[in-house]
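Asks: So I've got this file, target17.cif, and it contains mmCIF, C-alpha atoms and all ligand atoms:
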data_target
loop_
_atom_site.group_PDB
_atom_site.id
_atom_site.type_symbol
_atom_site.label_atom_id
_atom_site.label_comp_id
_atom_site.auth_asym_id
_atom_site.auth_seq_id
_atom_site.Cartn_x
_atom_site.Cartn_y
_atom_site.Cartn_z
ATOM 1 C CA MET Q 121 -13.477 0.775 -1.955
ATOM 2 C CA GLU Q 122 -11.877 -0.954 -4.899
ATOM 3 C CA THR Q 123 -10.691 -4.460 -4.205
ATOM 4 C CA ALA Q 124 -8.053 -5.171 -6.815
ATOM 5 C CA PRO Q 125 -7.106 -8.635 -8.027
ATOM 6 C CA HIS Q 126 -3.761 -10.124 -6.952
ATOM 7 C CA THR Q 127 -2.060 -8.753 -10.005
ATOM 8 C CA SER Q 128 -0.901 -5.251 -10.773
ATOM 9 C CA SER Q 129 -3.355 -3.139 -12.707
ATOM 10 C CA GLY Q 130 -2.819 -0.727 -15.576
ATOM 11 C CA ILE Q 131 -0.331 -0.978 -18.398
ATOM 12 C CA ARG Q 132 2.886 -0.657 -16.396
ATOM 13 C CA PRO Q 133 5.110 -3.717 -16.751
ATOM 14 C CA ALA Q 134 5.465 -6.049 -13.760
ATOM 15 C CA LYS Q 135 8.685 -5.378 -11.876
ATOM 16 C CA LEU Q 136 8.231 -8.261 -9.474
ATOM 17 C CA VAL Q 137 6.224 -11.407 -9.961
ATOM 18 C CA ILE Q 138 5.732 -13.755 -7.020
ATOM 19 C CA GLU Q 139 4.470 -17.102 -8.264
ATOM 20 C CA GLY Q 140 2.985 -19.715 -5.919
ATOM 21 C CA VAL Q 141 5.516 -19.181 -3.146
ATOM 22 C CA SER Q 142 5.383 -21.482 -0.112
ATOM 23 C CA LYS Q 143 7.754 -21.615 2.852
ATOM 24 C CA ARG Q 144 7.732 -23.876 5.894
ATOM 25 C CA PHE Q 145 9.984 -23.557 8.927
ATOM 26 C CA THR Q 146 10.626 -26.696 10.924
ATOM 27 C CA SER Q 147 12.283 -26.752 14.317
ATOM 28 C CA GLN Q 148 12.633 -29.504 16.933
ATOM 29 C CA ARG Q 149 9.541 -28.205 18.678
ATOM 30 C CA ASN Q 150 7.149 -27.336 15.854
ATOM 31 C CA MET Q 151 6.466 -26.683 12.189
ATOM 32 C CA VAL Q 152 5.182 -23.373 10.820
ATOM 33 C CA GLN Q 153 3.732 -22.904 7.350
ATOM 34 C CA ALA Q 154 4.936 -19.297 7.058
ATOM 35 C CA LEU Q 155 3.680 -18.910 3.469
ATOM 36 C CA ASP Q 156 1.264 -21.026 1.493
ATOM 37 C CA ASN Q 157 0.986 -20.577 -2.274
ATOM 38 C CA VAL Q 158 1.365 -16.789 -2.318
ATOM 39 C CA SER Q 159 1.165 -15.069 -5.712
ATOM 40 C CA LEU Q 160 1.416 -11.350 -6.340
ATOM 41 C CA SER Q 161 2.562 -9.045 -9.093
ATOM 42 C CA VAL Q 162 4.046 -5.595 -8.397
ATOM 43 C CA ALA Q 163 4.158 -3.044 -11.197
ATOM 44 C CA GLU Q 164 7.159 -0.862 -11.969
ATOM 45 C CA GLY Q 165 7.016 2.269 -9.809
ATOM 46 C CA GLU Q 166 4.268 0.876 -7.597
ATOM 47 C CA PHE Q 167 4.182 1.273 -3.798
ATOM 48 C CA VAL Q 168 2.792 -1.934 -2.295
ATOM 49 C CA CYS Q 169 2.282 -2.425 1.434
ATOM 50 C CA LEU Q 170 2.206 -5.902 2.973
ATOM 51 C CA LEU Q 171 -0.101 -5.650 5.972
ATOM 52 C CA GLY Q 172 -1.093 -8.282 8.477
ATOM 53 C CA PRO Q 173 -0.928 -9.510 12.051
ATOM 54 C CA SER Q 174 2.285 -10.719 13.628
ATOM 55 C CA GLY Q 175 3.420 -14.042 12.216
ATOM 56 C CA CYS Q 176 1.452 -13.929 8.931
ATOM 57 C CA GLY Q 177 4.644 -14.177 6.877
ATOM 58 C CA LYS Q 178 5.228 -10.563 5.790
ATOM 59 C CA SER Q 179 8.956 -10.561 6.574
ATOM 60 C CA THR Q 180 9.398 -14.050 5.169
ATOM 61 C CA LEU Q 181 7.857 -12.915 1.876
ATOM 62 C CA LEU Q 182 10.011 -9.777 1.802
ATOM 63 C CA ASN Q 183 13.153 -11.851 2.500
ATOM 64 C CA ILE Q 184 12.254 -14.240 -0.310
ATOM 65 C CA VAL Q 185 11.863 -11.294 -2.709
ATOM 66 C CA ALA Q 186 15.208 -9.957 -1.450
ATOM 67 C CA GLY Q 187 16.807 -13.343 -2.169
ATOM 68 C CA LEU Q 188 17.808 -13.751 1.489
ATOM 69 C CA THR Q 189 15.479 -16.741 2.010
ATOM 70 C CA ARG Q 190 14.737 -19.499 -0.509
ATOM 71 C CA PRO Q 191 11.129 -20.617 -0.956
ATOM 72 C CA ASP Q 192 10.257 -24.329 -0.713
ATOM 73 C CA ARG Q 193 7.971 -23.962 -3.704
ATOM 74 C CA GLY Q 194 7.285 -21.279 -6.281
ATOM 75 C CA ARG Q 195 9.585 -18.509 -7.429
ATOM 76 C CA VAL Q 196 10.075 -14.763 -7.677
ATOM 77 C CA LEU Q 197 10.861 -12.995 -10.920
ATOM 78 C CA ALA Q 198 12.515 -9.563 -10.882
ATOM 79 C CA ASP Q 199 12.414 -7.925 -14.297
ATOM 80 C CA GLY Q 200 11.449 -11.332 -15.660
ATOM 81 C CA ARG Q 201 14.530 -13.115 -14.233
ATOM 82 C CA PRO Q 202 14.293 -15.663 -11.401
ATOM 83 C CA VAL Q 203 15.648 -14.374 -8.070
ATOM 84 C CA GLU Q 204 18.469 -16.709 -6.982
ATOM 85 C CA GLY Q 205 19.957 -14.555 -4.220
ATOM 86 C CA PRO Q 206 20.459 -10.962 -3.076
ATOM 87 C CA GLY Q 207 21.128 -8.418 -5.803
ATOM 88 C CA GLN Q 208 21.888 -4.726 -5.974
ATOM 89 C CA ASP Q 209 18.657 -4.220 -7.940
ATOM 90 C CA ARG Q 210 16.690 -5.091 -4.738
ATOM 91 C CA LEU Q 211 17.933 -3.443 -1.551
ATOM 92 C CA VAL Q 212 16.426 -4.012 1.884
ATOM 93 C CA MET Q 213 15.916 -1.516 4.702
ATOM 94 C CA PHE Q 214 15.126 -3.001 8.109
ATOM 95 C CA GLN Q 215 13.464 -1.675 11.277
ATOM 96 C CA GLU Q 216 16.839 -1.257 12.938
ATOM 97 C CA SER Q 217 18.952 0.907 10.703
ATOM 98 C CA ALA Q 218 22.031 -1.382 10.895
ATOM 99 C CA LEU Q 219 24.353 1.549 10.264
ATOM 100 C CA PHE Q 220 28.091 1.238 10.832
ATOM 101 C CA PRO Q 221 28.721 3.084 14.118
ATOM 102 C CA TRP Q 222 32.382 3.761 13.298
ATOM 103 C CA LEU Q 223 31.426 5.750 10.193
ATOM 104 C CA ASP Q 224 29.633 9.114 10.085
ATOM 105 C CA ALA Q 225 26.421 9.692 8.089
ATOM 106 C CA PHE Q 226 28.371 10.445 4.918
ATOM 107 C CA GLY Q 227 30.594 7.384 5.378
ATOM 108 C CA ASN Q 228 27.560 5.139 5.710
ATOM 109 C CA VAL Q 229 26.032 6.413 2.473
ATOM 110 C CA MET Q 230 29.417 6.128 0.736
ATOM 111 C CA PHE Q 231 29.601 2.508 1.919
ATOM 112 C CA GLY Q 232 26.318 1.756 0.122
ATOM 113 C CA LEU Q 233 27.862 3.178 -3.042
ATOM 114 C CA LYS Q 234 30.671 0.607 -2.954
ATOM 115 C CA LEU Q 235 28.082 -1.600 -4.671
ATOM 116 C CA LYS Q 236 28.773 0.514 -7.754
ATOM 117 C CA PRO Q 237 32.373 -0.214 -8.762
ATOM 118 C CA ASP Q 238 31.984 1.679 -12.038
ATOM 119 C CA LEU Q 239 31.677 5.030 -10.221
ATOM 120 C CA THR Q 240 34.678 7.221 -9.485
ATOM 121 C CA ASN Q 241 35.232 8.330 -5.906
ATOM 122 C CA ARG Q 242 34.335 11.864 -6.897
ATOM 123 C CA GLU Q 243 31.006 10.669 -8.329
ATOM 124 C CA ARG Q 244 30.323 8.666 -5.160
ATOM 125 C CA ARG Q 245 30.895 11.757 -3.034
ATOM 126 C CA ARG Q 246 28.537 13.830 -5.171
ATOM 127 C CA ILE Q 247 25.817 11.151 -5.012
ATOM 128 C CA ALA Q 248 26.238 10.696 -1.227
ATOM 129 C CA ASP Q 249 25.833 14.466 -0.757
ATOM 130 C CA GLU Q 250 22.796 14.486 -3.013
ATOM 131 C CA TYR Q 251 21.014 11.717 -1.084
ATOM 132 C CA LEU Q 252 21.865 13.145 2.332
ATOM 133 C CA ASP Q 253 20.301 16.406 1.113
ATOM 134 C CA LEU Q 254 17.286 14.492 -0.196
ATOM 135 C CA VAL Q 255 16.581 13.025 3.254
ATOM 136 C CA GLY Q 256 17.190 16.405 4.910
ATOM 137 C CA LEU Q 257 20.517 15.576 6.545
ATOM 138 C CA GLY Q 258 22.882 17.695 4.470
ATOM 139 C CA THR Q 259 24.052 19.612 7.520
ATOM 140 C CA PHE Q 260 24.621 16.423 9.537
ATOM 141 C CA LYS Q 261 26.814 14.661 7.008
ATOM 142 C CA HIS Q 262 29.776 14.393 9.363
ATOM 143 C CA ALA Q 263 27.761 13.634 12.500
ATOM 144 C CA PRO Q 264 28.810 10.407 14.260
ATOM 145 C CA ILE Q 265 25.979 7.878 14.154
ATOM 146 C CA HIS Q 266 25.618 7.735 17.957
ATOM 147 C CA GLU Q 267 24.806 11.467 17.991
ATOM 148 C CA LEU Q 268 21.814 11.027 15.662
ATOM 149 C CA SER Q 269 18.214 10.484 16.803
ATOM 150 C CA GLY Q 270 16.331 7.319 15.804
ATOM 151 C CA GLY Q 271 14.540 9.184 13.013
ATOM 152 C CA MET Q 272 17.804 10.640 11.713
ATOM 153 C CA LYS Q 273 19.407 7.199 11.705
ATOM 154 C CA GLN Q 274 16.547 5.854 9.592
ATOM 155 C CA ARG Q 275 17.012 8.803 7.217
ATOM 156 C CA VAL Q 276 20.685 7.880 6.845
ATOM 157 C CA ALA Q 277 19.645 4.251 6.247
ATOM 158 C CA LEU Q 278 17.172 5.464 3.613
ATOM 159 C CA ALA Q 279 19.845 7.572 1.899
ATOM 160 C CA ARG Q 280 22.225 4.595 2.010
ATOM 161 C CA ALA Q 281 19.593 2.326 0.439
ATOM 162 C CA LEU Q 282 18.595 4.839 -2.255
ATOM 163 C CA ALA Q 283 22.037 6.100 -3.276
ATOM 164 C CA PRO Q 284 23.064 2.998 -5.308
ATOM 165 C CA ASP Q 285 19.818 3.558 -7.260
ATOM 166 C CA PRO Q 286 18.224 0.108 -6.755
ATOM 167 C CA HIS Q 287 15.202 -0.623 -8.933
ATOM 168 C CA VAL Q 288 13.311 -2.056 -5.990
ATOM 169 C CA LEU Q 289 13.371 -0.958 -2.366
ATOM 170 C CA LEU Q 290 12.208 -3.533 0.186
ATOM 171 C CA MET Q 291 11.329 -1.970 3.541
ATOM 172 C CA ASP Q 292 10.616 -4.084 6.638
ATOM 173 C CA GLU Q 293 8.794 -1.916 9.194
ATOM 174 C CA PRO Q 294 11.421 0.806 8.746
ATOM 175 C CA PHE Q 295 9.598 3.274 11.010
ATOM 176 C CA GLY Q 296 8.306 0.741 13.555
ATOM 177 C CA ALA Q 297 10.685 1.733 16.337
ATOM 178 C CA LEU Q 298 10.137 5.510 16.010
ATOM 179 C CA ASP Q 299 7.853 7.835 17.948
ATOM 180 C CA ALA Q 300 4.627 9.020 16.284
ATOM 181 C CA MET Q 301 5.807 12.572 15.514
ATOM 182 C CA THR Q 302 9.002 11.393 13.853
ATOM 183 C CA ARG Q 303 7.036 8.827 11.887
ATOM 184 C CA ASP Q 304 4.551 11.444 10.627
ATOM 185 C CA GLN Q 305 7.454 13.525 9.316
ATOM 186 C CA LEU Q 306 8.976 10.497 7.624
ATOM 187 C CA TYR Q 307 5.652 9.671 5.921
ATOM 188 C CA ASP Q 308 5.823 13.095 4.254
ATOM 189 C CA ASP Q 309 9.466 12.537 3.312
ATOM 190 C CA ILE Q 310 9.054 9.039 1.927
ATOM 191 C CA GLN Q 311 6.090 10.175 -0.195
ATOM 192 C CA ARG Q 312 8.132 13.077 -1.568
ATOM 193 C CA ILE Q 313 11.149 10.875 -2.247
ATOM 194 C CA TRP Q 314 9.029 8.159 -3.865
ATOM 195 C CA GLY Q 315 7.300 10.829 -5.988
ATOM 196 C CA GLU Q 316 10.676 12.056 -7.224
ATOM 197 C CA SER Q 317 12.403 8.699 -7.681
ATOM 198 C CA ARG Q 318 9.431 6.479 -8.609
ATOM 199 C CA LYS Q 319 11.119 3.427 -7.162
ATOM 200 C CA THR Q 320 9.176 0.214 -6.891
ATOM 201 C CA ILE Q 321 8.641 -0.197 -3.140
ATOM 202 C CA VAL Q 322 7.419 -3.166 -1.111
ATOM 203 C CA PHE Q 323 6.809 -2.016 2.448
ATOM 204 C CA VAL Q 324 6.010 -4.323 5.378
ATOM 205 C CA THR Q 325 3.888 -2.967 8.192
ATOM 206 C CA HIS Q 326 1.266 -3.990 10.722
ATOM 207 C CA ASN Q 327 0.049 -0.386 11.002
ATOM 208 C CA VAL Q 328 -3.134 0.184 8.964
ATOM 209 C CA ARG Q 329 -2.906 3.986 8.747
ATOM 210 C CA GLU Q 330 0.720 3.793 7.691
ATOM 211 C CA ALA Q 331 -0.242 1.381 4.899
ATOM 212 C CA VAL Q 332 -3.122 3.598 3.711
ATOM 213 C CA CYS Q 333 -0.902 6.683 3.850
ATOM 214 C CA LEU Q 334 1.804 5.128 1.683
ATOM 215 C CA GLY Q 335 0.453 2.355 -0.514
ATOM 216 C CA ASP Q 336 -1.006 2.293 -4.010
ATOM 217 C CA ARG Q 337 -2.207 -1.131 -2.956
ATOM 218 C CA ILE Q 338 -2.419 -2.879 0.383
ATOM 219 C CA VAL Q 339 -1.935 -6.626 0.413
ATOM 220 C CA LEU Q 340 -3.649 -7.952 3.516
ATOM 221 C CA MET Q 341 -2.167 -11.226 4.732
ATOM 222 C CA SER Q 342 -3.595 -13.765 7.159
ATOM 223 C CA PRO Q 343 -1.640 -16.193 9.364
ATOM 224 C CA SER Q 344 -1.457 -19.960 9.883
ATOM 225 C CA PRO Q 345 -0.744 -20.553 7.079
ATOM 226 C CA GLY Q 346 0.488 -17.222 5.689
ATOM 227 C CA ARG Q 347 -1.711 -16.289 2.730
ATOM 228 C CA ILE Q 348 -3.013 -13.249 0.900
ATOM 229 C CA ALA Q 349 -6.466 -12.591 2.297
ATOM 230 C CA GLN Q 350 -7.445 -9.498 0.297
ATOM 231 C CA VAL Q 351 -5.910 -6.736 -1.826
ATOM 232 C CA PHE Q 352 -7.111 -3.136 -1.534
ATOM 233 C CA GLY Q 353 -6.437 -0.381 -4.046
ATOM 234 C CA ILE Q 354 -5.992 3.050 -2.413
ATOM 235 C CA PRO Q 355 -6.936 5.748 -4.935
ATOM 236 C CA LEU Q 356 -6.461 8.683 -2.519
ATOM 237 C CA PRO Q 357 -4.542 11.632 -4.035
ATOM 238 C CA ARG Q 358 -0.967 12.326 -2.901
ATOM 239 C CA PRO Q 359 0.653 13.611 -0.844
ATOM 240 C CA ARG Q 360 -1.523 11.992 1.802
ATOM 241 C CA ASP Q 361 -1.949 13.318 5.307
ATOM 242 C CA ILE Q 362 -1.952 10.445 7.779
ATOM 243 C CA ASN Q 363 -4.362 12.400 10.007
ATOM 244 C CA SER Q 364 -6.937 13.211 7.303
ATOM 245 C CA PRO Q 365 -10.561 12.003 7.671
ATOM 246 C CA GLU Q 366 -10.503 10.441 4.176
ATOM 247 C CA LEU Q 367 -7.516 8.345 5.146
ATOM 248 C CA ALA Q 368 -9.153 7.414 8.460
ATOM 249 C CA SER Q 369 -12.225 6.177 6.634
ATOM 250 C CA TYR Q 370 -10.142 3.799 4.478
ATOM 251 C CA ALA Q 371 -8.136 2.756 7.511
ATOM 252 C CA SER Q 372 -11.179 1.809 9.554
ATOM 253 C CA ARG Q 373 -12.529 -0.417 6.769
ATOM 254 C CA ILE Q 374 -9.185 -2.125 6.296
ATOM 255 C CA ALA Q 375 -8.739 -2.471 10.067
ATOM 256 C CA ALA Q 376 -12.058 -4.334 10.158
ATOM 257 C CA ALA Q 377 -10.776 -6.700 7.455
ATOM 258 C CA LEU Q 378 -7.526 -7.108 9.387
ATOM 259 C CA LYS Q 379 -9.459 -8.052 12.518
ATOM 260 C CA GLY Q 380 -11.222 -10.668 10.423
ATOM 261 C CA THR Q 381 -7.879 -12.348 9.650
ATOM 262 C CA THR Q 382 -7.190 -13.036 13.317
ATOM 263 C CA ASN Q 383 -8.733 -12.838 16.753
ATOM 264 C CA GLY Q 384 -5.891 -10.526 17.752
ATOM 265 C CA ALA Q 385 -5.708 -6.753 17.843
ATOM 266 C CA ALA Q 386 -5.537 -4.563 14.780
ATOM 267 C CA SER Q 387 -3.146 -1.644 15.026
ATOM 268 C CA GLU Q 388 -4.735 1.456 13.570
HETATM 269 N N1 LIG C 1 14.011 -18.593 10.654
HETATM 270 C C1 LIG C 1 12.852 -19.043 11.153
HETATM 271 N N2 LIG C 1 12.789 -20.213 11.821
HETATM 272 C C2 LIG C 1 11.631 -20.693 12.298
HETATM 273 N N3 LIG C 1 10.449 -20.049 12.176
HETATM 274 C C3 LIG C 1 10.439 -18.874 11.527
HETATM 275 C C4 LIG C 1 11.643 -18.298 10.984
HETATM 276 N N4 LIG C 1 11.316 -17.112 10.399
HETATM 277 C C5 LIG C 1 9.992 -16.957 10.579
HETATM 278 N N5 LIG C 1 9.465 -18.011 11.249
HETATM 279 C C6 LIG C 1 8.050 -18.196 11.581
HETATM 280 O O1 LIG C 1 7.290 -17.995 10.395
HETATM 281 C C7 LIG C 1 6.101 -17.277 10.686
HETATM 282 C C8 LIG C 1 6.096 -16.000 9.847
HETATM 283 O O2 LIG C 1 7.119 -15.141 10.344
HETATM 284 P P1 LIG C 1 7.365 -13.672 9.760
HETATM 285 O O3 LIG C 1 8.476 -13.064 10.529
HETATM 286 O O4 LIG C 1 7.500 -13.766 8.298
HETATM 287 O O5 LIG C 1 5.977 -12.973 10.117
HETATM 288 P P2 LIG C 1 5.616 -11.417 10.126
HETATM 289 O O6 LIG C 1 4.255 -11.317 9.551
HETATM 290 O O7 LIG C 1 6.697 -10.641 9.471
HETATM 291 O O8 LIG C 1 5.578 -11.116 11.687
HETATM 292 P P3 LIG C 1 5.935 -9.754 12.503
HETATM 293 O O9 LIG C 1 4.913 -8.740 12.075
HETATM 294 O O10 LIG C 1 5.781 -10.166 13.935
HETATM 295 O O11 LIG C 1 7.337 -9.370 12.131
HETATM 296 C C9 LIG C 1 6.106 -17.019 12.178
HETATM 297 O O12 LIG C 1 5.324 -17.994 12.801
HETATM 298 C C10 LIG C 1 7.556 -17.166 12.581
HETATM 299 O O13 LIG C 1 7.676 -17.632 13.896
#
Can you dump the structure from the file as structure tokens?
Replies:
Amino acid sequence: METAPHTSSGIRPAKLVIEGVSKRFTSQRNMVQALDNVSLSVAEGEFVCLLGPSGCGKSTLLNIVAGLTRPDRGRVLADGRPVEGPGQDRLVMFQESALFPWLDAFGNVMFGLKLKPDLTNRERRRIADEYLDLVGLGTFKHAPIHELSGGMKQRVALARALAPDPHVLLMDEPFGALDAMTRDQLYDDIQRIWGESRKTIVFVTHNVREAVCLGDRIVLMSPSPGRIAQVFGIPLPRPRDINSPELASYASRIAAALKGTTNGAASE
């Protein structure tokens, strides 16, 4: 298995550059070094998975890239410019879909498009339809959110995140709360959508197979303090089947490395 350096390979330009980022959280009871001198470069159009045990700083790193959390040291560059806060070039999708329950599926995607004031309402409607079709929910566009399954809600959240056409999509365990069958379907969908849109994606997970199924590279993090332990390149052809033996072979080797980062359990 190729173990890539902490920088993006090939000739594609770096979309994101994380330079020496450290973050400490201090409360009355204790102090946690959530990230310690983390550096990573993500190429344009690359799918990078941040993998690691609970508490190794995956979400903190994603939030720093999103501009939702400020690092104590270091910086993040997006398209060469320092990240100072949230921006419509970097949208985040969380584990809980955080949809507006008073709007239907279409209304939620339209809401995401309010980030684009230059569009006419007619254009917004066309784009919302297009993205609901892309995630397979064209026939559910006027369904109230509470009538949708967990997987369907995450599809709406995905359409809402993609519709404003962000350069970078930051996904924090977006399928973590779903059942295995729904997740398997979404792995196929996200691979298809990524293949068509070629977004730059940073995807947080603690599930090894999920990371191998989706990532061009897997960045394995270790806790206390949060650091990059190892980076794995995954040269498997796409689309990848999460249940294939080739994928399982990669997953078992990475799971062994994950176990080495902690005494805890690896989720395969
Ligand atoms: N706002 C905060 N205040 C205090 N401590 C925090 C805060 N956010 C994160 N931490 C701590 O920083 C460490 C890293 O947390 P983070 O959520 O980034 O880890 P993670 O790898 O995403 O974990 P998980 O997989 O469980 O979501 C943890 O020890 C956590 O308790």
Asks: Residues near stretch 360-372 of chain Q, anyone? I mean within 7 Å using all atoms listed in the file, not counting same-chain ones fewer than 4 positions away, as a VMD selection string.
Replies: chain Q and resid 328 to 329 332 to 333 376
Asks: Run the PyMOL selection byres (((chain Q and resi 201) around 12) and not hetatm) mentally over the shown coordinates, then write out the matched residues as a PyMOL selection string, using the chain letters and numbers from the document.
Replies: chain Q and resi 134-138+185+195-200+202-205+207+209
Asks: I need the residue set behind the PyMOL selection byres (((not hetatm)) within 9 of (chain C and resi 1)) for this file; please write it as a ChimeraX atom specification.
Replies: /Q:143-147,150-155,170-183,189,292-293,324-326,341-346
Asks: Please evaluate the PyMOL selection byres (((chain Q and resi 265-281) around 7) and not hetatm) against the structure above and give the resulting residues as a list of chain:residue names.
Replies: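 Against this file, the PyMOL selection byres (((chain Q and resi 265-281) around 7) and not hetatm) returns the residues Q:Leu211, Q:Met213, Q:Ser217, Q:Leu219, Q:Pro221, Q:Asp224, Q:Ala225, Q:Asn228, Q:Val229, Q:Gly232, Q:Tyr251, Q:Leu252, Q:Val255, Q:Ala263, Q:Pro264, Q:Leu282, Q:Ala283, Q:Pro284, Q:Leu298, Q:Thr302.
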Asks: Could you check which of Q:Gly187, Q:Ala349, Q:Asp299, Q:Met230 is closest to Q:Arg244, using all atoms listed in the file?
Replies: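 Ranking Q:Gly187, Q:Ala349, Q:Asp299, Q:Met230 by distance to Q:Arg244, first place goes to Q:Met230.
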